[in-house]
Amino acid sequence: MSPIPVILDCDPGVDDAIAFLLAKQLPQLNVLAITSVAGNVGLEHTNYNALGLLEFLDWDVPVYRGAAGPVFRKRVEAAEVHGSNGMAGFDLPHARSEVEGVSAWDAIHQFAVQQQGALEIIAIGPLTNLALAFLKYPDLPQLIKRIVIMGGSTDAGNATPAAEFNIYADPEAADIVFCSGVPVHMCGLDMTMKALMTPAELDQVAALGSKQAVFFRDVVQDIVGFMRRLGIIGINMHDPAAVLYAADDSIFKAYPAGIRVETKGNITQGKTVTDLFSDAKWQKNGFVAMDIDREAFVKWVFELMSKY
Amino acid sequence: MTSKIPIILDGDPGHDDAIAWMLAKASDKLEILACTSVSGNQSIEKTSINARRVMTLLGIDAPFAMGREEPLHGEPIHAGNIHGETGLDGPALPQPAIETEPLSAVELMAKTISDSIESVTIVATGPLTNVGALLILHPELKPKIAQISIMGGGLAFGNWTPAAEFNILVDPEAADIVFKSGVPLTMAGLDVTLKALVFPEDFERIRALGNPIAVVVAEWLDFFYNFHRSIGYAGAPVHDAVAVAALIKPEILTVKDYYVQVEISGDFCRGATVADHYGFSHQPPNTHALLDIDREAFIDLLAEAAAWYGKELE
């Protein structure tokens, strides 16, 4: 089977960096482009980090600069988790530039046209770029086969009690994406909180010895400390789990659902509301990943990192 | 004799309210001081006459007062699709022999709590309209409310809308008052009540007890399950009875404390109960949330309660 043509839309971001490390080694994916977006930290950092990660990995993929903030509201960020530069203080090598004069949303449309309906999007940051692409190009929904996102949660949030960060950062954009007509596969906290790697497993990856494997362990250490203060031993591999889901969903459990985003509540803005458990049912517009075989996930990560 | 927990039953009967009240009356741990009706499963006229019929059937000899038609804010919502045209369709029930007190549900609650020597527990199995009004009109009574055992909400999801459970959705503003009140709350939400399913073989166990009340309970279950089967349930979710079981047999329930807030606004989330799983709000817990139940023990409790009426009638 030929690899899936994908665009990776991201806000690196520490767990985005891990997602890059894995995506490069996945034979199921053909990453045509990276689009950057403001999210974990500001766009000046996420765009810079995306370029730096590609240089570090010696991976030749064009980068397109995306949105510097949400469609309708003020920007929020998660620098306390990812460090002020978004990369836990690591400064990556810099010899590259993004593609001049083409925005992320224009690039998404161009690749979608070029791929004639086969393109899939893996979006692991706020969904601003995709929303702008849908707003600008009415033909886009017919040209994208599937969208896999890291974002949302059917119950508890991590940015607020109700909302997960990526959706909370741009709720209107997220709702535009869920309503686009393209099936959205939601890799939210229900599943990603189970995609845990323990400190011992991180050490095992580092022991593989490559610079990439050592970076894998080292870049997440601040988050491991952050999670320990929340009572969680290890790191939840939110973005990497979404990338692996996009490559092969056989170790995951996902269910068809109607999914919308609350954009107006007092305490629920950015909550993904699903009809999975309620008597009231909505039209199905996607799938919600609820579970992952954690052991198989860790083994897969190990296999991919062994390729460096 | 061990002292009983004095309770007020506030509900919108409703099949599961009626079964909850059946459980409460049969318990030697509870003493029913008063019953009040609230608009919810059906209009206030219908839930009030149902309440009085159920009290008459069960032999609950306590004052009864009627709530108001509207929620504290917004339009009434009813659930005739589930509970039928009367709000308690199914078996024939006796004409009410209980009078309606000439005061409102809220004032009867206030009087009952004031007059009681001990602190009173409120069992709220309908929308929280009466309880919310009580807490804003009589804040001085809060110290005399031992706890409020609520059937309502869901930490993770709803039933009437994807985000909201019926009782909270009907009157989110009242629920907001209750959750912010500081009064100890036990919440039997969908998290636990959907695990408290009564299966058809359990109906037959109760029916076979043979006493008139057990037969009526079985027929309520027949009616209630008929709707739920049509939307894919494996049994009848007798939500409200869990709020009573929590007082009689807390040991069969799994509880976790959370800070819970009620969303009163929003396109999709009005009426959602939002729990702070990770402590972002830095607020101390305000709710004992029931998360799981020993279903077999719950069924035994219902069957033993239904059997009690057989002995009582001998």
# chains A, B, ... in the order shown; residues from 1 in each chain; ligands from 1
call {"tool": "interface_residues", "arguments": {"of": "chain A", "to": "chain B", "cutoff": "7 Å", "atoms": "only C-alpha atoms", "output": "PyMOL selection string"}}
result
chain A and resi 154-156+160-162+262+264-268+273-275+277-280
call {"tool": "write_last_selection", "arguments": {"atoms": "N, CA and C atoms", "output": "PDB file, in the first residue's frame"}}
result
ATOM      1  N   THR A 154     -13.921  13.819  26.071  1.00  0.00           N
ATOM      2  CA  THR A 154     -15.366  13.645  26.302  1.00  0.00           C
ATOM      3  C   THR A 154     -15.749  14.023  27.727  1.00  0.00           C
ATOM      4  N   ASP A 155     -14.780  14.044  28.646  1.00  0.00           N
ATOM      5  CA  ASP A 155     -15.157  14.465  30.001  1.00  0.00           C
ATOM      6  C   ASP A 155     -14.255  15.576  30.538  1.00  0.00           C
ATOM      7  N   ALA A 156     -13.162  15.239  31.195  1.00  0.00           N
ATOM      8  CA  ALA A 156     -12.379  16.275  31.861  1.00  0.00           C
ATOM      9  C   ALA A 156     -11.410  16.968  30.909  1.00  0.00           C
ATOM     10  N   THR A 160      -8.886  23.767  31.322  1.00  0.00           N
ATOM     11  CA  THR A 160      -9.872  24.114  32.346  1.00  0.00           C
ATOM     12  C   THR A 160     -10.511  22.793  32.759  1.00  0.00           C
ATOM     13  N   PRO A 161     -11.339  22.800  33.819  1.00  0.00           N
ATOM     14  CA  PRO A 161     -11.999  21.538  34.169  1.00  0.00           C
ATOM     15  C   PRO A 161     -12.781  20.920  33.006  1.00  0.00           C
ATOM     16  N   ALA A 162     -13.253  21.768  32.073  1.00  0.00           N
ATOM     17  CA  ALA A 162     -14.087  21.244  30.986  1.00  0.00           C
ATOM     18  C   ALA A 162     -13.357  21.084  29.659  1.00  0.00           C
ATOM     19  N   GLU A 262     -18.302  23.611  22.405  1.00  0.00           N
ATOM     20  CA  GLU A 262     -18.968  24.712  23.102  1.00  0.00           C
ATOM     21  C   GLU A 262     -18.103  25.962  22.960  1.00  0.00           C
ATOM     22  N   LYS A 264     -19.536  29.141  23.854  1.00  0.00           N
ATOM     23  CA  LYS A 264     -20.174  30.252  24.572  1.00  0.00           C
ATOM     24  C   LYS A 264     -20.357  30.073  26.070  1.00  0.00           C
ATOM     25  N   GLY A 265     -20.214  28.908  26.603  1.00  0.00           N
ATOM     26  CA  GLY A 265     -20.537  28.701  28.020  1.00  0.00           C
ATOM     27  C   GLY A 265     -19.681  29.530  28.961  1.00  0.00           C
ATOM     28  N   ASN A 266     -20.147  29.675  30.202  1.00  0.00           N
ATOM     29  CA  ASN A 266     -19.376  30.399  31.214  1.00  0.00           C
ATOM     30  C   ASN A 266     -18.162  29.616  31.672  1.00  0.00           C
ATOM     31  N   ILE A 267     -18.346  28.305  31.834  1.00  0.00           N
ATOM     32  CA  ILE A 267     -17.258  27.483  32.366  1.00  0.00           C
ATOM     33  C   ILE A 267     -16.907  26.335  31.435  1.00  0.00           C
ATOM     34  N   THR A 268     -17.542  26.292  30.259  1.00  0.00           N
ATOM     35  CA  THR A 268     -17.339  25.138  29.366  1.00  0.00           C
ATOM     36  C   THR A 268     -16.798  25.532  27.998  1.00  0.00           C
ATOM     37  N   VAL A 273     -18.158  18.441  23.036  1.00  0.00           N
ATOM     38  CA  VAL A 273     -19.355  17.736  23.494  1.00  0.00           C
ATOM     39  C   VAL A 273     -19.627  16.600  22.511  1.00  0.00           C
ATOM     40  N   THR A 274     -19.715  15.382  23.032  1.00  0.00           N
ATOM     41  CA  THR A 274     -20.001  14.249  22.160  1.00  0.00           C
ATOM     42  C   THR A 274     -21.282  13.566  22.613  1.00  0.00           C
ATOM     43  N   ASP A 275     -21.921  12.891  21.650  1.00  0.00           N
ATOM     44  CA  ASP A 275     -23.173  12.190  21.964  1.00  0.00           C
ATOM     45  C   ASP A 275     -22.924  10.714  22.272  1.00  0.00           C
ATOM     46  N   PHE A 277     -22.426   8.976  24.910  1.00  0.00           N
ATOM     47  CA  PHE A 277     -23.028   8.337  26.079  1.00  0.00           C
ATOM     48  C   PHE A 277     -24.455   8.788  26.345  1.00  0.00           C
ATOM     49  N   SER A 278     -24.945   9.779  25.609  1.00  0.00           N
ATOM     50  CA  SER A 278     -26.248  10.344  25.950  1.00  0.00           C
ATOM     51  C   SER A 278     -27.373   9.668  25.179  1.00  0.00           C
ATOM     52  N   ASP A 279     -28.600   9.853  25.672  1.00  0.00           N
ATOM     53  CA  ASP A 279     -29.771   9.369  24.941  1.00  0.00           C
ATOM     54  C   ASP A 279     -29.993  10.219  23.694  1.00  0.00           C
ATOM     55  N   ALA A 280     -29.733  11.516  23.808  1.00  0.00           N
ATOM     56  CA  ALA A 280     -29.870  12.403  22.653  1.00  0.00           C
ATOM     57  C   ALA A 280     -28.733  12.111  21.677  1.00  0.00           C
TER      58      ALA A 280
END
call {"tool": "residues_around", "arguments": {"residues": "stretch 175-190 of chain A", "least_positions_apart": "3", "cutoff": "6 Å", "atoms": "only C-alpha atoms", "output": "number ranges by chain"}}
result
A: 131, 141, 146-153, 172, 193, 242, 260-261, 285-290
call {"tool": "select_by_dssp", "arguments": {"residues": "stretch 144-277 of chain B", "states": "strand (DSSP E)", "output": "PyMOL selection string"}}
result
chain B and resi 145-151+185-188+197-198+236-237+253-258+260-262+273-275
call {"tool": "select_by_dssp", "arguments": {"residues": "stretch 173-259 of chain B", "states": "alpha helix (DSSP H)", "output": "MDAnalysis selection string"}}
result
chainID B and resid 173:179 190:193 200:207 212:230 239:248
call {"tool": "write_last_selection", "arguments": {"atoms": "N, CA and C atoms", "output": "CSV table (one decimal), in the first residue's frame"}}
result
chain,number,residue,atom,x,y,z
B,173,GLU,N,-30.1,27.1,36.8
B,173,GLU,CA,-29.8,28.2,37.8
B,173,GLU,C,-30.0,27.7,39.2
B,174,ALA,N,-31.1,26.9,39.4
B,174,ALA,CA,-31.3,26.4,40.7
B,174,ALA,C,-30.2,25.4,41.1
B,175,ALA,N,-29.8,24.6,40.2
B,175,ALA,CA,-28.7,23.7,40.4
B,175,ALA,C,-27.4,24.4,40.8
B,176,ASP,N,-27.2,25.5,40.1
B,176,ASP,CA,-26.0,26.3,40.4
B,176,ASP,C,-26.0,26.9,41.8
B,177,ILE,N,-27.2,27.3,42.2
B,177,ILE,CA,-27.3,27.8,43.6
B,177,ILE,C,-27.0,26.6,44.6
B,178,VAL,N,-27.5,25.5,44.3
B,178,VAL,CA,-27.3,24.3,45.2
B,178,VAL,C,-25.9,23.9,45.3
B,179,PHE,N,-25.2,23.8,44.1
B,179,PHE,CA,-23.8,23.4,44.1
B,179,PHE,C,-22.9,24.4,44.7
B,190,LEU,N,-25.5,10.4,36.4
B,190,LEU,CA,-25.6,9.4,35.4
B,190,LEU,C,-24.4,8.4,35.5
B,191,ASP,N,-23.3,9.0,36.0
B,191,ASP,CA,-22.1,8.1,36.2
B,191,ASP,C,-22.4,6.9,37.0
B,192,VAL,N,-23.3,7.0,38.0
B,192,VAL,CA,-23.6,5.8,38.8
B,192,VAL,C,-25.0,5.3,38.4
B,193,THR,N,-25.9,6.1,38.0
B,193,THR,CA,-27.3,5.6,37.8
B,193,THR,C,-27.4,4.7,36.6
B,200,PRO,N,-35.0,-7.1,33.4
B,200,PRO,CA,-36.3,-7.7,33.4
B,200,PRO,C,-36.5,-8.9,34.4
B,201,GLU,N,-35.4,-9.7,34.5
B,201,GLU,CA,-35.5,-10.8,35.5
B,201,GLU,C,-35.7,-10.2,36.9
B,202,ASP,N,-35.1,-9.0,37.2
B,202,ASP,CA,-35.3,-8.4,38.5
B,202,ASP,C,-36.8,-7.9,38.7
B,203,PHE,N,-37.4,-7.5,37.6
B,203,PHE,CA,-38.8,-7.1,37.7
B,203,PHE,C,-39.6,-8.3,38.2
B,204,GLU,N,-39.3,-9.5,37.6
B,204,GLU,CA,-40.1,-10.7,37.9
B,204,GLU,C,-39.9,-11.1,39.3
B,205,ARG,N,-38.6,-10.9,39.8
B,205,ARG,CA,-38.4,-11.2,41.2
B,205,ARG,C,-39.2,-10.4,42.1
B,206,ILE,N,-39.4,-9.1,41.8
B,206,ILE,CA,-40.2,-8.2,42.6
B,206,ILE,C,-41.7,-8.5,42.4
B,207,ARG,N,-42.1,-8.8,41.2
B,207,ARG,CA,-43.5,-9.1,40.9
B,207,ARG,C,-43.9,-10.3,41.7
B,212,PRO,N,-49.4,-6.2,46.9
B,212,PRO,CA,-49.9,-5.2,46.0
B,212,PRO,C,-48.9,-4.1,45.6
B,213,ILE,N,-48.1,-3.7,46.5
B,213,ILE,CA,-47.0,-2.7,46.2
B,213,ILE,C,-46.0,-3.3,45.3
B,214,ALA,N,-45.5,-4.5,45.6
B,214,ALA,CA,-44.5,-5.1,44.8
B,214,ALA,C,-45.0,-5.2,43.4
B,215,VAL,N,-46.3,-5.6,43.2
B,215,VAL,CA,-46.9,-5.7,41.9
B,215,VAL,C,-46.9,-4.4,41.1
B,216,VAL,N,-47.2,-3.3,41.9
B,216,VAL,CA,-47.2,-2.0,41.2
B,216,VAL,C,-45.8,-1.6,40.8
B,217,VAL,N,-44.8,-1.8,41.7
B,217,VAL,CA,-43.4,-1.5,41.4
B,217,VAL,C,-43.0,-2.2,40.1
B,218,ALA,N,-43.4,-3.5,40.1
B,218,ALA,CA,-43.0,-4.3,38.9
B,218,ALA,C,-43.6,-3.7,37.6
B,219,GLU,N,-44.9,-3.2,37.7
B,219,GLU,CA,-45.5,-2.6,36.6
B,219,GLU,C,-45.0,-1.2,36.2
B,220,TRP,N,-44.5,-0.5,37.2
B,220,TRP,CA,-43.8,0.8,36.9
B,220,TRP,C,-42.5,0.4,36.2
B,221,LEU,N,-41.8,-0.6,36.6
B,221,LEU,CA,-40.6,-1.0,35.9
B,221,LEU,C,-40.9,-1.4,34.5
B,222,ASP,N,-42.0,-2.2,34.3
B,222,ASP,CA,-42.4,-2.6,33.0
B,222,ASP,C,-42.5,-1.4,32.1
B,223,PHE,N,-43.3,-0.4,32.6
B,223,PHE,CA,-43.6,0.8,31.8
B,223,PHE,C,-42.3,1.6,31.5
B,224,PHE,N,-41.5,1.8,32.5
B,224,PHE,CA,-40.3,2.6,32.4
B,224,PHE,C,-39.3,2.0,31.5
B,225,TYR,N,-39.2,0.6,31.6
B,225,TYR,CA,-38.3,-0.1,30.7
B,225,TYR,C,-38.7,-0.1,29.3
B,226,ASN,N,-40.0,-0.1,29.1
B,226,ASN,CA,-40.5,-0.2,27.7
B,226,ASN,C,-39.9,1.0,26.8
B,227,PHE,N,-39.9,2.2,27.4
B,227,PHE,CA,-39.3,3.3,26.7
B,227,PHE,C,-37.8,3.1,26.5
B,228,HIS,N,-37.1,2.8,27.6
B,228,HIS,CA,-35.6,2.7,27.6
B,228,HIS,C,-35.1,1.6,26.7
B,229,ARG,N,-35.9,0.5,26.6
B,229,ARG,CA,-35.5,-0.6,25.7
B,229,ARG,C,-35.5,-0.1,24.3
B,230,SER,N,-36.5,0.8,24.0
B,230,SER,CA,-36.6,1.3,22.6
B,230,SER,C,-35.4,2.1,22.2
B,239,HIS,N,-32.9,5.8,38.2
B,239,HIS,CA,-31.9,6.9,38.7
B,239,HIS,C,-32.2,7.3,40.1
B,240,ASP,N,-33.5,7.7,40.3
B,240,ASP,CA,-33.8,8.4,41.6
B,240,ASP,C,-33.6,7.5,42.8
B,241,ALA,N,-33.8,6.2,42.6
B,241,ALA,CA,-33.7,5.3,43.8
B,241,ALA,C,-32.2,5.3,44.3
B,242,VAL,N,-31.3,5.6,43.5
B,242,VAL,CA,-29.9,5.6,43.9
B,242,VAL,C,-29.6,6.7,45.0
B,243,ALA,N,-30.3,7.8,44.8
B,243,ALA,CA,-30.2,8.9,45.8
B,243,ALA,C,-30.7,8.5,47.2
B,244,VAL,N,-31.6,7.6,47.2
B,244,VAL,CA,-32.1,7.0,48.5
B,244,VAL,C,-31.2,5.9,49.0
B,245,ALA,N,-30.8,5.1,48.1
B,245,ALA,CA,-29.9,4.0,48.4
B,245,ALA,C,-28.6,4.5,49.1
B,246,ALA,N,-28.2,5.7,48.6
B,246,ALA,CA,-27.0,6.3,49.2
B,246,ALA,C,-27.1,6.6,50.7
B,247,LEU,N,-28.3,6.8,51.1
B,247,LEU,CA,-28.6,7.1,52.5
B,247,LEU,C,-28.7,5.8,53.3
B,248,ILE,N,-29.3,4.8,52.7
B,248,ILE,CA,-29.7,3.6,53.4
B,248,ILE,C,-28.4,2.6,53.5
call {"tool": "residues_around", "arguments": {"residues": "A:Ala33", "least_positions_apart": "6", "cutoff": "12 Å", "atoms": "only C-alpha atoms", "output": "MDAnalysis selection string"}}
result
chainID A and resid 5:10 20 23:24 50:51 54 59:65 98:99 102:112 119:123
call {"tool": "residues_around", "arguments": {"residues": "A:Ala200", "least_positions_apart": "3", "cutoff": "12 Å", "atoms": "only C-alpha atoms", "output": "list in words"}}
result
Leu196, Met197, Asp203, Gln204, Val205, Ala206, Ala207, Arg217, Val224, Ile233, Gly234, Ile235 and Val298 of chain A
call {"tool": "write_last_selection", "arguments": {"atoms": "C-alpha atoms", "output": "compact mmCIF listing (two decimals), in the first residue's frame"}}
result
# COMPACT_ATOMS: atom_id res chain seq x y z
CA LEU A 196 1.69 7.15 28.99
CA MET A 197 5.42 6.54 28.88
CA ASP A 203 15.48 5.88 29.68
CA GLN A 204 15.18 2.75 27.54
CA VAL A 205 14.59 4.92 24.48
CA ALA A 206 17.61 7.09 25.32
CA ALA A 207 19.73 3.96 25.76
CA ARG A 217 14.14 11.55 26.67
CA VAL A 224 7.77 14.68 33.48
CA ILE A 233 4.38 9.39 36.89
CA GLY A 234 5.59 9.69 33.29
CA ILE A 235 4.44 11.69 30.29
CA VAL A 298 5.38 1.83 23.76
call {"tool": "closest_residue", "arguments": {"among": "A:Ile124, A:Met191, A:Leu26, A:Leu130", "to": "A:Phe165", "atoms": "only C-alpha atoms"}}
result
A:Ile124
call {"tool": "atom_distance", "arguments": {"atom1": "atom CA of A:Asp239", "atom2": "atom CA of A:Val113"}}
result
26.3 Å
call {"tool": "residues_around", "arguments": {"residues": "A:Gly69", "least_positions_apart": "6", "cutoff": "9 Å", "atoms": "only C-alpha atoms", "output": "ChimeraX atom specification"}}
result
/A:37-39,42-43,75-76,128,169-170
call {"tool": "residues_around", "arguments": {"residues": "A:Met1", "least_positions_apart": "2", "cutoff": "9 Å", "atoms": "only C-alpha atoms", "output": "PyMOL selection string"}}
result
chain A and resi 3-4+28
call {"tool": "closest_atom_pairs", "arguments": {"of": "stretch 139-254 of chain B", "to": "stretch 108-126 of chain B", "cutoff": "8 Å", "atoms": "only C-alpha atoms", "output": "JSON lines"}}
result
{"residue": "B:Leu141", "atom": "CA", "partner": "B:Ser114", "partner_atom": "CA", "distance": 7.2}
{"residue": "B:Pro143", "atom": "CA", "partner": "B:Ser119", "partner_atom": "CA", "distance": 7.7}
{"residue": "B:Lys144", "atom": "CA", "partner": "B:Ser119", "partner_atom": "CA", "distance": 4.5}
{"residue": "B:Ile145", "atom": "CA", "partner": "B:Val120", "partner_atom": "CA", "distance": 4.9}
{"residue": "B:Ala146", "atom": "CA", "partner": "B:Ser119", "partner_atom": "CA", "distance": 5.1}
{"residue": "B:Gln147", "atom": "CA", "partner": "B:Thr121", "partner_atom": "CA", "distance": 5.0}
{"residue": "B:Ile148", "atom": "CA", "partner": "B:Ile122", "partner_atom": "CA", "distance": 4.7}
{"residue": "B:Ser149", "atom": "CA", "partner": "B:Val123", "partner_atom": "CA", "distance": 4.8}
{"residue": "B:Ile150", "atom": "CA", "partner": "B:Ala124", "partner_atom": "CA", "distance": 4.9}
{"residue": "B:Met151", "atom": "CA", "partner": "B:Thr125", "partner_atom": "CA", "distance": 4.9}
{"residue": "B:Gly152", "atom": "CA", "partner": "B:Thr125", "partner_atom": "CA", "distance": 7.3}
{"residue": "B:Asn167", "atom": "CA", "partner": "B:Gly126", "partner_atom": "CA", "distance": 5.5}
{"residue": "B:Asp240", "atom": "CA", "partner": "B:Thr125", "partner_atom": "CA", "distance": 5.4}
{"residue": "B:Ala243", "atom": "CA", "partner": "B:Val123", "partner_atom": "CA", "distance": 6.8}
{"residue": "B:Val244", "atom": "CA", "partner": "B:Val123", "partner_atom": "CA", "distance": 7.0}
call {"tool": "write_last_selection", "arguments": {"atoms": "N, CA and C atoms", "output": "compact mmCIF listing (two decimals), in the first residue's frame"}}
result
# COMPACT_ATOMS: atom_id res chain seq x y z
N LEU B 141 -31.20 28.58 57.23
CA LEU B 141 -31.48 27.17 57.52
C LEU B 141 -30.37 26.23 57.05
N PRO B 143 -27.37 25.60 58.02
CA PRO B 143 -26.71 24.75 59.03
C PRO B 143 -27.59 23.59 59.50
N LYS B 144 -28.88 23.69 59.28
CA LYS B 144 -29.77 22.60 59.72
C LYS B 144 -30.07 21.60 58.58
N ILE B 145 -29.42 21.79 57.44
CA ILE B 145 -29.56 20.79 56.37
C ILE B 145 -28.34 19.88 56.46
N ALA B 146 -28.59 18.63 56.85
CA ALA B 146 -27.46 17.69 57.03
C ALA B 146 -26.77 17.44 55.71
N GLN B 147 -27.55 17.18 54.70
CA GLN B 147 -27.01 17.06 53.34
C GLN B 147 -28.17 17.05 52.36
N ILE B 148 -27.82 17.24 51.09
CA ILE B 148 -28.80 17.11 50.01
C ILE B 148 -28.33 15.95 49.15
N SER B 149 -29.18 14.93 49.07
CA SER B 149 -28.86 13.77 48.23
C SER B 149 -29.59 13.96 46.91
N ILE B 150 -28.81 14.21 45.88
CA ILE B 150 -29.37 14.65 44.60
C ILE B 150 -29.31 13.52 43.58
N MET B 151 -30.42 13.29 42.86
CA MET B 151 -30.26 12.60 41.59
C MET B 151 -30.22 13.68 40.53
N GLY B 152 -29.07 13.78 39.88
CA GLY B 152 -28.95 14.78 38.84
C GLY B 152 -27.54 14.88 38.33
N ASN B 167 -32.58 16.50 35.00
CA ASN B 167 -32.94 17.28 36.20
C ASN B 167 -32.15 18.59 36.29
N ASP B 240 -33.46 7.71 40.34
CA ASP B 240 -33.77 8.38 41.60
C ASP B 240 -33.57 7.49 42.82
N ALA B 243 -30.32 7.81 44.82
CA ALA B 243 -30.17 8.90 45.79
C ALA B 243 -30.68 8.49 47.17
N VAL B 244 -31.64 7.58 47.22
CA VAL B 244 -32.13 7.05 48.50
C VAL B 244 -31.21 5.93 49.00
